Structures are given as structure tokens and as C-alpha cells.
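Engineer: If it helps, the file is called work13.csv and holds CSV, C-alpha atoms:
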```csv
chain,number,residue,atom,x,y,z
A,197,MET,CA,0.0,0.0,0.0
A,198,ASN,CA,1.4,3.3,-1.1
A,199,SER,CA,0.7,6.7,0.5
A,200,ASP,CA,-1.0,7.9,-2.7
A,201,GLN,CA,-3.7,5.3,-2.0
A,202,LEU,CA,-4.8,7.1,1.1
A,203,LEU,CA,-8.3,8.7,0.9
A,204,GLU,CA,-9.1,12.3,1.8
A,205,ASN,CA,-11.0,11.1,4.9
A,206,GLU,CA,-8.1,9.2,6.3
A,207,TYR,CA,-6.1,12.1,7.7
A,208,SER,CA,-6.0,15.9,8.0
A,209,GLY,CA,-4.5,18.7,10.0
A,210,GLY,CA,-0.9,18.4,11.2
A,211,PHE,CA,-0.8,14.8,10.1
A,212,ALA,CA,-1.0,15.8,6.5
A,213,THR,CA,2.4,17.5,6.7
A,214,TYR,CA,4.1,14.2,7.8
A,215,ILE,CA,2.3,12.1,5.2
A,216,LYS,CA,3.5,14.5,2.5
A,217,GLU,CA,7.0,14.3,4.0
A,218,ALA,CA,6.9,10.5,3.7
A,219,GLY,CA,6.5,10.8,0.0
A,220,ASN,CA,4.8,8.4,-2.4
A,221,VAL,CA,6.2,5.2,-0.9
A,222,ASN,CA,5.1,1.7,0.1
A,223,LEU,CA,4.3,1.6,3.8
A,224,ILE,CA,6.0,-1.7,4.7
A,225,GLU,CA,9.1,-1.1,2.6
A,226,GLU,CA,9.6,2.4,3.7
A,227,LEU,CA,9.2,1.6,7.4
A,228,GLU,CA,12.3,-0.5,7.0
A,229,ILE,CA,14.2,1.6,4.4
A,230,SER,CA,13.8,4.9,6.2
A,231,LEU,CA,15.1,3.4,9.5
A,232,HIS,CA,18.3,2.2,7.8
A,233,ASP,CA,18.7,5.5,6.0
A,234,PHE,CA,18.2,7.4,9.3
A,235,ILE,CA,20.7,5.3,11.2
A,236,ARG,CA,23.4,5.7,8.5
A,237,PHE,CA,22.7,9.4,8.4
A,238,VAL,CA,23.0,9.8,12.2
A,239,GLN,CA,26.2,7.7,12.3
A,240,ASP,CA,27.8,10.1,9.9
A,241,ILE,CA,27.1,13.1,12.2
A,242,PRO,CA,30.3,14.3,14.0
A,243,MET,CA,30.2,13.3,17.7
A,244,ASP,CA,30.5,17.0,18.9
A,245,LYS,CA,27.1,17.8,17.3
A,246,PHE,CA,25.0,15.3,19.3
A,247,ASP,CA,24.8,17.7,22.3
A,248,TYR,CA,24.7,20.9,20.2
A,249,ARG,CA,21.7,23.3,20.5
A,250,TYR,CA,21.4,25.8,17.6
A,251,ALA,CA,19.6,28.3,19.9
A,252,GLU,CA,18.7,28.7,23.6
A,253,GLY,CA,16.0,26.3,24.6
A,254,LYS,CA,16.2,24.2,21.5
A,255,TRP,CA,16.6,20.5,21.6
A,256,THR,CA,19.8,18.6,20.9
A,257,ILE,CA,20.1,15.9,18.3
A,258,LYS,CA,19.9,13.3,21.1
A,259,ASP,CA,16.7,15.1,22.4
A,260,ILE,CA,15.2,14.9,18.9
A,261,ILE,CA,16.0,11.2,18.4
A,262,GLN,CA,14.3,10.5,21.8
A,263,HIS,CA,11.4,12.6,20.5
A,264,ILE,CA,11.2,10.5,17.4
A,265,ILE,CA,11.2,7.3,19.6
A,266,ASP,CA,8.5,8.7,21.9
A,267,CYS,CA,6.3,9.8,19.0
A,268,GLU,CA,6.6,6.6,17.1
A,269,ARG,CA,5.5,4.7,20.3
A,270,ILE,CA,2.5,7.0,20.5
A,271,PHE,CA,1.6,6.8,16.8
A,272,ALA,CA,1.9,3.0,16.9
A,273,TYR,CA,-0.3,2.8,20.1
A,274,ARG,CA,-2.9,4.8,18.3
A,275,ALA,CA,-2.7,2.5,15.3
A,276,LEU,CA,-3.1,-0.5,17.5
A,277,ARG,CA,-6.1,0.9,19.2
A,278,PHE,CA,-7.8,1.9,15.9
A,279,SER,CA,-6.9,-1.4,14.2
A,280,ARG,CA,-8.7,-3.2,17.0
A,281,ASN,CA,-11.7,-1.1,16.2
A,282,ASP,CA,-11.4,0.9,19.5
A,283,LYS,CA,-13.5,4.1,18.8
A,284,THR,CA,-12.4,5.9,22.0
A,285,PRO,CA,-11.0,9.3,21.0
A,286,LEU,CA,-7.3,9.6,22.0
A,287,PRO,CA,-5.9,12.8,23.4
A,288,SER,CA,-3.0,14.8,22.1
A,289,PHE,CA,0.3,14.9,24.1
A,290,GLU,CA,2.6,17.7,25.0
A,291,GLU,CA,5.9,16.9,23.3
A,292,ASN,CA,7.9,19.5,25.3
A,293,ASP,CA,6.8,17.8,28.6
A,294,TYR,CA,8.1,14.5,27.2
A,295,ALA,CA,11.4,16.2,26.1
A,296,VAL,CA,12.3,17.7,29.4
A,297,ASN,CA,11.6,14.4,31.2
A,298,THR,CA,13.7,12.0,29.1
A,299,ASP,CA,17.3,12.7,30.2
A,300,SER,CA,18.3,11.8,26.6
A,301,ASN,CA,21.5,13.7,26.7
A,302,ARG,CA,23.0,11.3,29.2
A,303,ARG,CA,22.5,8.4,26.8
A,304,SER,CA,24.9,7.3,24.1
A,305,ILE,CA,23.9,7.8,20.5
A,306,GLN,CA,24.3,4.1,19.9
A,307,ASP,CA,21.8,3.4,22.8
A,308,LEU,CA,19.3,5.7,21.2
A,309,LEU,CA,19.7,4.2,17.8
A,310,THR,CA,19.4,0.7,19.2
A,311,GLU,CA,16.1,1.6,20.9
A,312,LEU,CA,14.8,3.2,17.7
A,313,SER,CA,15.7,0.2,15.7
A,314,ALA,CA,14.1,-2.3,18.1
A,315,LEU,CA,10.9,-0.2,18.2
A,316,ARG,CA,10.8,0.2,14.4
A,317,HIS,CA,11.2,-3.6,13.9
A,318,SER,CA,8.4,-4.2,16.3
A,319,ASN,CA,6.2,-1.7,14.5
A,320,LEU,CA,7.1,-3.2,11.2
A,321,LEU,CA,5.9,-6.6,12.3
A,322,PHE,CA,2.7,-5.0,13.7
A,323,PHE,CA,1.9,-3.2,10.4
A,324,LYS,CA,2.7,-6.4,8.4
A,325,SER,CA,0.2,-8.3,10.6
A,326,LEU,CA,-2.7,-6.1,9.8
A,327,SER,CA,-5.4,-6.9,7.2
A,328,GLU,CA,-6.5,-4.4,4.6
A,329,GLU,CA,-9.7,-3.9,6.7
A,330,GLN,CA,-7.7,-3.2,9.8
A,331,LEU,CA,-5.3,-0.8,8.0
A,332,LYS,CA,-8.3,1.3,6.7
A,333,ARG,CA,-10.0,1.6,10.1
A,334,ILE,CA,-10.2,5.2,11.3
A,335,GLY,CA,-10.1,6.6,14.8
A,336,THR,CA,-9.7,10.0,16.4
A,337,ALA,CA,-6.4,11.3,17.8
A,338,SER,CA,-5.8,14.9,18.9
A,339,ASN,CA,-9.3,15.7,17.7
A,340,ILE,CA,-8.4,14.6,14.1
A,341,GLN,CA,-9.7,11.6,12.2
A,342,ILE,CA,-6.9,9.3,11.0
A,343,SER,CA,-6.6,5.8,9.7
A,344,VAL,CA,-4.3,3.1,10.9
A,345,ARG,CA,-2.4,3.1,7.6
A,346,ALA,CA,-2.1,6.9,7.6
A,347,LEU,CA,-0.5,6.6,11.1
A,348,GLY,CA,2.2,4.3,9.5
A,349,PHE,CA,3.0,7.0,7.0
A,350,VAL,CA,3.0,9.6,9.8
A,351,ILE,CA,5.8,7.6,11.5
A,352,ILE,CA,7.8,7.7,8.4
A,353,GLY,CA,7.2,11.3,7.6
A,354,HIS,CA,7.8,12.5,11.2
A,355,GLN,CA,11.3,10.8,11.1
A,356,LYS,CA,12.1,12.3,7.7
A,357,HIS,CA,11.0,15.7,8.9
A,358,HIS,CA,13.4,15.7,11.7
A,359,GLN,CA,16.2,14.3,9.5
A,360,LYS,CA,15.7,17.4,7.4
A,361,VAL,CA,15.8,19.6,10.5
A,362,PHE,CA,19.2,18.0,11.4
A,363,ARG,CA,20.5,19.0,8.0
A,364,GLU,CA,19.2,22.5,8.0
A,365,ARG,CA,19.8,23.6,11.6
A,366,TYR,CA,22.4,21.3,13.2
A,367,LEU,CA,25.0,20.4,10.5
```
Would you mind writing the file out in C-alpha cells?
Structural biologist:
Amino acid sequence: MNSDQLLENEYSGGFATYIKEAGNVNLIEELEISLHDFIRFVQDIPMDKFDYRYAEGKWTIKDIIQHIIDCERIFAYRALRFSRNDKTPLPSFEENDYAVNTDSNRRSIQDLLTELSALRHSNLLFFKSLSEEQLKRIGTASNIQISVRALGFVIIGHQKHHQKVFRERYL
């Protein structure tokens, strides 16, 4: 299933930005490919940049990688709930509260990448396990209607968005 197969009622709002960022890709293939691309990209970043902040109060690269991990967990949890036909609206979350409570800068970059890789592989197996019907189910998250499969593309696009931020503001 490619992102260009998503219907207009499957996502909107801020989620549309990440789906566009994902590009016209196959969900299952890109969940794997984008992980490997991201790990290679991060491993090429000079060590002195991982704790760098481009402005006062901005996150470090380590903070952002932890943010990617946290968001992927939340997006996958939402996808799980909706795939199981849970119609309970799910609230938004405050990303800055998460960021200040992670202590990510004490962690090694390899530890963060290992966690991201384990999480992504688990999510890849989850998305592979879903039927077409489950992938098309829609729920409400952050007051926005979104499908299970759209959440998969959000995971990809969110990571790509931050990789672009690294290039533009940190390197």
C-alpha cells in the first residue's frame, strides 16, 4: 500500500504534513528503508554535534532522536487501538513535557539508535500483521480523524521531517 492510495477522509491537519513528507512510498518497505537510512545518516554526524543546540532552549540531536522514539510509540499505540476497532478518542500529548523528562543527553547515540531500531522492527511486524480492513480503520487522535495506515506514513514522515531539520539547523 502506497501513500497515494490514502483517501481524503483518512487524515487531515498536522498529520498531512508528515504524510506529505513521507513521499509516495510503500508503507512496509519504507518503514524499513527509512530506518536504515536514518541510522546511516546519524552515524555520519560528527560526535560533537549530538549535544549541540542551535539556539537557547532548542533540543539537541539526542533530544530529537528520543522525541522520534516517543512519538513513534504514541503513533503505533494509536494505530493499535484503531486497528482493533477501538472508537475511543485519544488525546494529544505535549511533546515539550516529554522532552524535558527524558534525560536523553546522558544516553549514548548508539543506545538511542538501538532503541529506535528495536521499536521500528516491532512496529514493522505490527503493520505487516494487519489486514486491509484493519489498515483502513479510522479513529480520532488529537481531535483529528486518522486511519491506521495513515499513522504508519506519519511515523515515516515524522522521522524524515526531523532528519531534514538536522541537515538545516544542526549540520
Engineer: Which is closest to A:Ile260 among A:Glu364, A:Glu329, A:Glu225, A:Asp247, if we use all atoms listed in the file?
Structural biologist: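 Among the listed residues, the smallest separation from A:Ile260 belongs to A:Asp247.
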Engineer: Near A:Gly348, within 12 Å and counting all atoms listed in the file, which residues show up once chain neighbours fewer than 4 positions away are dropped, as a CSV table (one decimal) with C-alpha atoms, in the frame of the given file?
Structural biologist:
```
chain,number,residue,atom,x,y,z
A,197,MET,CA,0.0,0.0,0.0
A,198,ASN,CA,1.4,3.3,-1.1
A,199,SER,CA,0.7,6.7,0.5
A,202,LEU,CA,-4.8,7.1,1.1
A,206,GLU,CA,-8.1,9.2,6.3
A,207,TYR,CA,-6.1,12.1,7.7
A,211,PHE,CA,-0.8,14.8,10.1
A,214,TYR,CA,4.1,14.2,7.8
A,215,ILE,CA,2.3,12.1,5.2
A,218,ALA,CA,6.9,10.5,3.7
A,221,VAL,CA,6.2,5.2,-0.9
A,222,ASN,CA,5.1,1.7,0.1
A,223,LEU,CA,4.3,1.6,3.8
A,224,ILE,CA,6.0,-1.7,4.7
A,225,GLU,CA,9.1,-1.1,2.6
A,226,GLU,CA,9.6,2.4,3.7
A,227,LEU,CA,9.2,1.6,7.4
A,228,GLU,CA,12.3,-0.5,7.0
A,267,CYS,CA,6.3,9.8,19.0
A,268,GLU,CA,6.6,6.6,17.1
A,269,ARG,CA,5.5,4.7,20.3
A,270,ILE,CA,2.5,7.0,20.5
A,271,PHE,CA,1.6,6.8,16.8
A,272,ALA,CA,1.9,3.0,16.9
A,273,TYR,CA,-0.3,2.8,20.1
A,274,ARG,CA,-2.9,4.8,18.3
A,275,ALA,CA,-2.7,2.5,15.3
A,276,LEU,CA,-3.1,-0.5,17.5
A,279,SER,CA,-6.9,-1.4,14.2
A,316,ARG,CA,10.8,0.2,14.4
A,319,ASN,CA,6.2,-1.7,14.5
A,320,LEU,CA,7.1,-3.2,11.2
A,321,LEU,CA,5.9,-6.6,12.3
A,322,PHE,CA,2.7,-5.0,13.7
A,323,PHE,CA,1.9,-3.2,10.4
A,324,LYS,CA,2.7,-6.4,8.4
A,326,LEU,CA,-2.7,-6.1,9.8
A,331,LEU,CA,-5.3,-0.8,8.0
A,332,LYS,CA,-8.3,1.3,6.7
A,342,ILE,CA,-6.9,9.3,11.0
A,343,SER,CA,-6.6,5.8,9.7
A,344,VAL,CA,-4.3,3.1,10.9
A,352,ILE,CA,7.8,7.7,8.4
A,353,GLY,CA,7.2,11.3,7.6
A,354,HIS,CA,7.8,12.5,11.2
A,355,GLN,CA,11.3,10.8,11.1
```
Engineer: Neighbours of stretch 299-302 of chain A within 7 Å (only C-alpha atoms; same-chain residues fewer than 6 positions away dropped), as an MDAnalysis selection string?
Structural biologist: chainID A and resid 247 258:259 262
Engineer: Extract, using all atoms listed in the file, all DNA, RNA and protein residues at most 8 Å from A:His263, discarding same-chain residues fewer than 5 positions from it, and format them as a list in words.
Structural biologist: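 Listing them by chain and then by number gives Glu291, Tyr294 and Ala295 of chain A.
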Engineer: Do you know which residues are at most 9 Å from A:Ser338 counting all atoms listed in the file, after dropping those on the same chain fewer than 5 positions away, and could you put them as a PDB file with C-alpha atoms, in the frame of the given file?
Structural biologist:
```pdb
ATOM      1  CA  PRO A 285     -11.000   9.300  21.000  1.00  0.00           C
ATOM      2  CA  LEU A 286      -7.300   9.600  22.000  1.00  0.00           C
ATOM      3  CA  PRO A 287      -5.900  12.800  23.400  1.00  0.00           C
ATOM      4  CA  SER A 288      -3.000  14.800  22.100  1.00  0.00           C
ATOM      5  CA  PHE A 289       0.300  14.900  24.100  1.00  0.00           C
TER       6      PHE A 289
END
```
Engineer: Taking all atoms listed in the file into account, name the residue in A:Thr256, A:Thr310, A:Asn281, A:Ser230 that is nearest to A:Tyr366.
Structural biologist: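 Residue with the minimum atom-to-atom distance to A:Tyr366: A:Thr256.
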Engineer: Could you work out how far atom CA of A:Asp233 lies from atom CA of A:Val296, giving the answer in Å with one decimal?
Structural biologist: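 So the two atoms, atom CA of A:Val296 and atom CA of A:Asp233, lie 27.2 Å apart.
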Engineer: Record the distance separating atom CA of A:Ile305 and atom CA of A:Phe246, expressed in Å with one decimal.
Structural biologist: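 Pair atom CA of A:Ile305 / atom CA of A:Phe246 returns 7.7 Å.
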Engineer: Grab the atom CA of A:Glu328 to atom CA of A:Leu315 distance for me, in Å with one decimal place.
Structural biologist: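 Answer for the atom CA of A:Glu328 to atom CA of A:Leu315 separation: 22.5 Å.
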Engineer: Given the point (14.7, 22.5, 12.2) in the file's coordinates, find the residues that have an atom at most 12 Å from it, counting all atoms listed in the file, and give them as an mmCIF file with C-alpha atoms, in the coordinates of the input.
Structural biologist:
```cif
data_model
loop_
_atom_site.group_PDB
_atom_site.id
_atom_site.type_symbol
_atom_site.label_atom_id
_atom_site.label_comp_id
_atom_site.auth_asym_id
_atom_site.auth_seq_id
_atom_site.Cartn_x
_atom_site.Cartn_y
_atom_site.Cartn_z
ATOM 1 C CA ARG A 249 21.700 23.300 20.500
ATOM 2 C CA TYR A 250 21.400 25.800 17.600
ATOM 3 C CA ALA A 251 19.600 28.300 19.900
ATOM 4 C CA LYS A 254 16.200 24.200 21.500
ATOM 5 C CA TRP A 255 16.600 20.500 21.600
ATOM 6 C CA THR A 256 19.800 18.600 20.900
ATOM 7 C CA ILE A 257 20.100 15.900 18.300
ATOM 8 C CA ILE A 260 15.200 14.900 18.900
ATOM 9 C CA LYS A 356 12.100 12.300 7.700
ATOM 10 C CA HIS A 357 11.000 15.700 8.900
ATOM 11 C CA HIS A 358 13.400 15.700 11.700
ATOM 12 C CA GLN A 359 16.200 14.300 9.500
ATOM 13 C CA LYS A 360 15.700 17.400 7.400
ATOM 14 C CA VAL A 361 15.800 19.600 10.500
ATOM 15 C CA PHE A 362 19.200 18.000 11.400
ATOM 16 C CA ARG A 363 20.500 19.000 8.000
ATOM 17 C CA GLU A 364 19.200 22.500 8.000
ATOM 18 C CA ARG A 365 19.800 23.600 11.600
ATOM 19 C CA TYR A 366 22.400 21.300 13.200
ATOM 20 C CA LEU A 367 25.000 20.400 10.500
#
```
Engineer: Which is closest to A:Phe278 among A:Ser304, A:Gln341, A:Ala314, A:Asp244, if we use all atoms listed in the file?
Structural biologist: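 Using all atoms listed in the file, the shortest distance to A:Phe278 belongs to A:Gln341.
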Engineer: In terms of the shortest atom-to-atom distance over only C-alpha atoms, which of A:Asp293, A:Leu347, A:Leu309, A:Ile264 is closest to A:Phe237?
Structural biologist: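 Residue with the minimum atom-to-atom distance to A:Phe237: A:Leu309.
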Engineer: I need the residue nearest A:Ala337 from this list: A:Ile261, A:Ile235, A:Lys283, A:Thr213. Use only C-alpha atoms for the distance.
Structural biologist: A:Lys283
Engineer: Compare A:Ala346, A:Ile334, A:Leu312, A:Leu203 by their minimum atom-to-atom distance to A:His232, counting all atoms listed in the file, and give me the closest one.
Structural biologist: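 Selected residue with least distance to A:His232: A:Leu312.
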Engineer: Save C-alpha atoms of stretch 230-348 of chain A from the block above as a PDB file, in the first residue's frame.
Structural biologist:
```
ATOM      1  CA  SER A 230      13.770   4.878   6.232  1.00  0.00           C
ATOM      2  CA  LEU A 231      15.054   3.359   9.477  1.00  0.00           C
ATOM      3  CA  HIS A 232      18.277   2.174   7.840  1.00  0.00           C
ATOM      4  CA  ASP A 233      18.714   5.496   6.014  1.00  0.00           C
ATOM      5  CA  PHE A 234      18.226   7.386   9.266  1.00  0.00           C
ATOM      6  CA  ILE A 235      20.709   5.251  11.210  1.00  0.00           C
ATOM      7  CA  ARG A 236      23.360   5.666   8.494  1.00  0.00           C
ATOM      8  CA  PHE A 237      22.676   9.410   8.411  1.00  0.00           C
ATOM      9  CA  VAL A 238      23.017   9.787  12.199  1.00  0.00           C
ATOM     10  CA  GLN A 239      26.160   7.665  12.327  1.00  0.00           C
ATOM     11  CA  ASP A 240      27.806  10.131   9.911  1.00  0.00           C
ATOM     12  CA  ILE A 241      27.111  13.112  12.188  1.00  0.00           C
ATOM     13  CA  PRO A 242      30.260  14.337  13.992  1.00  0.00           C
ATOM     14  CA  MET A 243      30.246  13.337  17.674  1.00  0.00           C
ATOM     15  CA  ASP A 244      30.490  16.954  18.871  1.00  0.00           C
ATOM     16  CA  LYS A 245      27.123  17.758  17.255  1.00  0.00           C
ATOM     17  CA  PHE A 246      24.971  15.348  19.289  1.00  0.00           C
ATOM     18  CA  ASP A 247      24.754  17.691  22.299  1.00  0.00           C
ATOM     19  CA  TYR A 248      24.668  20.911  20.213  1.00  0.00           C
ATOM     20  CA  ARG A 249      21.721  23.330  20.456  1.00  0.00           C
ATOM     21  CA  TYR A 250      21.406  25.805  17.604  1.00  0.00           C
ATOM     22  CA  ALA A 251      19.619  28.296  19.906  1.00  0.00           C
ATOM     23  CA  GLU A 252      18.746  28.706  23.573  1.00  0.00           C
ATOM     24  CA  GLY A 253      16.010  26.311  24.641  1.00  0.00           C
ATOM     25  CA  LYS A 254      16.181  24.204  21.466  1.00  0.00           C
ATOM     26  CA  TRP A 255      16.569  20.453  21.585  1.00  0.00           C
ATOM     27  CA  THR A 256      19.814  18.619  20.921  1.00  0.00           C
ATOM     28  CA  ILE A 257      20.097  15.900  18.276  1.00  0.00           C
ATOM     29  CA  LYS A 258      19.858  13.346  21.091  1.00  0.00           C
ATOM     30  CA  ASP A 259      16.692  15.051  22.350  1.00  0.00           C
ATOM     31  CA  ILE A 260      15.200  14.868  18.866  1.00  0.00           C
ATOM     32  CA  ILE A 261      16.046  11.193  18.427  1.00  0.00           C
ATOM     33  CA  GLN A 262      14.343  10.485  21.756  1.00  0.00           C
ATOM     34  CA  HIS A 263      11.406  12.583  20.548  1.00  0.00           C
ATOM     35  CA  ILE A 264      11.206  10.463  17.381  1.00  0.00           C
ATOM     36  CA  ILE A 265      11.169   7.324  19.554  1.00  0.00           C
ATOM     37  CA  ASP A 266       8.476   8.691  21.884  1.00  0.00           C
ATOM     38  CA  CYS A 267       6.278   9.849  19.000  1.00  0.00           C
ATOM     39  CA  GLU A 268       6.643   6.565  17.136  1.00  0.00           C
ATOM     40  CA  ARG A 269       5.474   4.739  20.276  1.00  0.00           C
ATOM     41  CA  ILE A 270       2.453   7.021  20.549  1.00  0.00           C
ATOM     42  CA  PHE A 271       1.574   6.803  16.844  1.00  0.00           C
ATOM     43  CA  ALA A 272       1.890   2.997  16.938  1.00  0.00           C
ATOM     44  CA  TYR A 273      -0.261   2.804  20.079  1.00  0.00           C
ATOM     45  CA  ARG A 274      -2.926   4.846  18.317  1.00  0.00           C
ATOM     46  CA  ALA A 275      -2.673   2.547  15.285  1.00  0.00           C
ATOM     47  CA  LEU A 276      -3.057  -0.500  17.537  1.00  0.00           C
ATOM     48  CA  ARG A 277      -6.146   0.917  19.214  1.00  0.00           C
ATOM     49  CA  PHE A 278      -7.793   1.894  15.929  1.00  0.00           C
ATOM     50  CA  SER A 279      -6.854  -1.377  14.206  1.00  0.00           C
ATOM     51  CA  ARG A 280      -8.705  -3.227  16.956  1.00  0.00           C
ATOM     52  CA  ASN A 281     -11.745  -1.060  16.236  1.00  0.00           C
ATOM     53  CA  ASP A 282     -11.431   0.929  19.457  1.00  0.00           C
ATOM     54  CA  LYS A 283     -13.501   4.071  18.840  1.00  0.00           C
ATOM     55  CA  THR A 284     -12.359   5.891  21.994  1.00  0.00           C
ATOM     56  CA  PRO A 285     -10.996   9.327  21.009  1.00  0.00           C
ATOM     57  CA  LEU A 286      -7.346   9.588  22.013  1.00  0.00           C
ATOM     58  CA  PRO A 287      -5.934  12.839  23.388  1.00  0.00           C
ATOM     59  CA  SER A 288      -2.997  14.795  22.103  1.00  0.00           C
ATOM     60  CA  PHE A 289       0.255  14.903  24.059  1.00  0.00           C
ATOM     61  CA  GLU A 290       2.627  17.692  24.986  1.00  0.00           C
ATOM     62  CA  GLU A 291       5.924  16.933  23.274  1.00  0.00           C
ATOM     63  CA  ASN A 292       7.855  19.500  25.320  1.00  0.00           C
ATOM     64  CA  ASP A 293       6.813  17.823  28.577  1.00  0.00           C
ATOM     65  CA  TYR A 294       8.141  14.547  27.216  1.00  0.00           C
ATOM     66  CA  ALA A 295      11.405  16.153  26.063  1.00  0.00           C
ATOM     67  CA  VAL A 296      12.281  17.706  29.418  1.00  0.00           C
ATOM     68  CA  ASN A 297      11.627  14.416  31.196  1.00  0.00           C
ATOM     69  CA  THR A 298      13.714  12.024  29.106  1.00  0.00           C
ATOM     70  CA  ASP A 299      17.286  12.701  30.187  1.00  0.00           C
ATOM     71  CA  SER A 300      18.259  11.764  26.634  1.00  0.00           C
ATOM     72  CA  ASN A 301      21.526  13.683  26.696  1.00  0.00           C
ATOM     73  CA  ARG A 302      23.024  11.287  29.238  1.00  0.00           C
ATOM     74  CA  ARG A 303      22.481   8.400  26.802  1.00  0.00           C
ATOM     75  CA  SER A 304      24.894   7.330  24.083  1.00  0.00           C
ATOM     76  CA  ILE A 305      23.898   7.831  20.489  1.00  0.00           C
ATOM     77  CA  GLN A 306      24.263   4.086  19.920  1.00  0.00           C
ATOM     78  CA  ASP A 307      21.828   3.377  22.760  1.00  0.00           C
ATOM     79  CA  LEU A 308      19.259   5.726  21.235  1.00  0.00           C
ATOM     80  CA  LEU A 309      19.665   4.214  17.761  1.00  0.00           C
ATOM     81  CA  THR A 310      19.402   0.679  19.160  1.00  0.00           C
ATOM     82  CA  GLU A 311      16.144   1.582  20.889  1.00  0.00           C
ATOM     83  CA  LEU A 312      14.776   3.211  17.733  1.00  0.00           C
ATOM     84  CA  SER A 313      15.728   0.150  15.696  1.00  0.00           C
ATOM     85  CA  ALA A 314      14.062  -2.266  18.122  1.00  0.00           C
ATOM     86  CA  LEU A 315      10.928  -0.151  18.215  1.00  0.00           C
ATOM     87  CA  ARG A 316      10.767   0.155  14.429  1.00  0.00           C
ATOM     88  CA  HIS A 317      11.223  -3.568  13.911  1.00  0.00           C
ATOM     89  CA  SER A 318       8.388  -4.231  16.347  1.00  0.00           C
ATOM     90  CA  ASN A 319       6.174  -1.721  14.536  1.00  0.00           C
ATOM     91  CA  LEU A 320       7.117  -3.187  11.169  1.00  0.00           C
ATOM     92  CA  LEU A 321       5.904  -6.602  12.346  1.00  0.00           C
ATOM     93  CA  PHE A 322       2.736  -4.988  13.696  1.00  0.00           C
ATOM     94  CA  PHE A 323       1.881  -3.227  10.427  1.00  0.00           C
ATOM     95  CA  LYS A 324       2.691  -6.388   8.421  1.00  0.00           C
ATOM     96  CA  SER A 325       0.234  -8.334  10.595  1.00  0.00           C
ATOM     97  CA  LEU A 326      -2.728  -6.107   9.757  1.00  0.00           C
ATOM     98  CA  SER A 327      -5.389  -6.933   7.196  1.00  0.00           C
ATOM     99  CA  GLU A 328      -6.517  -4.401   4.595  1.00  0.00           C
ATOM    100  CA  GLU A 329      -9.662  -3.852   6.653  1.00  0.00           C
ATOM    101  CA  GLN A 330      -7.655  -3.156   9.807  1.00  0.00           C
ATOM    102  CA  LEU A 331      -5.307  -0.781   7.970  1.00  0.00           C
ATOM    103  CA  LYS A 332      -8.276   1.250   6.720  1.00  0.00           C
ATOM    104  CA  ARG A 333      -9.965   1.634  10.115  1.00  0.00           C
ATOM    105  CA  ILE A 334     -10.239   5.204  11.319  1.00  0.00           C
ATOM    106  CA  GLY A 335     -10.090   6.630  14.808  1.00  0.00           C
ATOM    107  CA  THR A 336      -9.736  10.016  16.441  1.00  0.00           C
ATOM    108  CA  ALA A 337      -6.412  11.267  17.805  1.00  0.00           C
ATOM    109  CA  SER A 338      -5.771  14.860  18.854  1.00  0.00           C
ATOM    110  CA  ASN A 339      -9.316  15.694  17.664  1.00  0.00           C
ATOM    111  CA  ILE A 340      -8.422  14.582  14.120  1.00  0.00           C
ATOM    112  CA  GLN A 341      -9.731  11.577  12.210  1.00  0.00           C
ATOM    113  CA  ILE A 342      -6.894   9.333  11.021  1.00  0.00           C
ATOM    114  CA  SER A 343      -6.605   5.805   9.663  1.00  0.00           C
ATOM    115  CA  VAL A 344      -4.275   3.086  10.860  1.00  0.00           C
ATOM    116  CA  ARG A 345      -2.363   3.094   7.588  1.00  0.00           C
ATOM    117  CA  ALA A 346      -2.083   6.890   7.621  1.00  0.00           C
ATOM    118  CA  LEU A 347      -0.464   6.619  11.058  1.00  0.00           C
ATOM    119  CA  GLY A 348       2.163   4.341   9.509  1.00  0.00           C
TER     120      GLY A 348
END
```
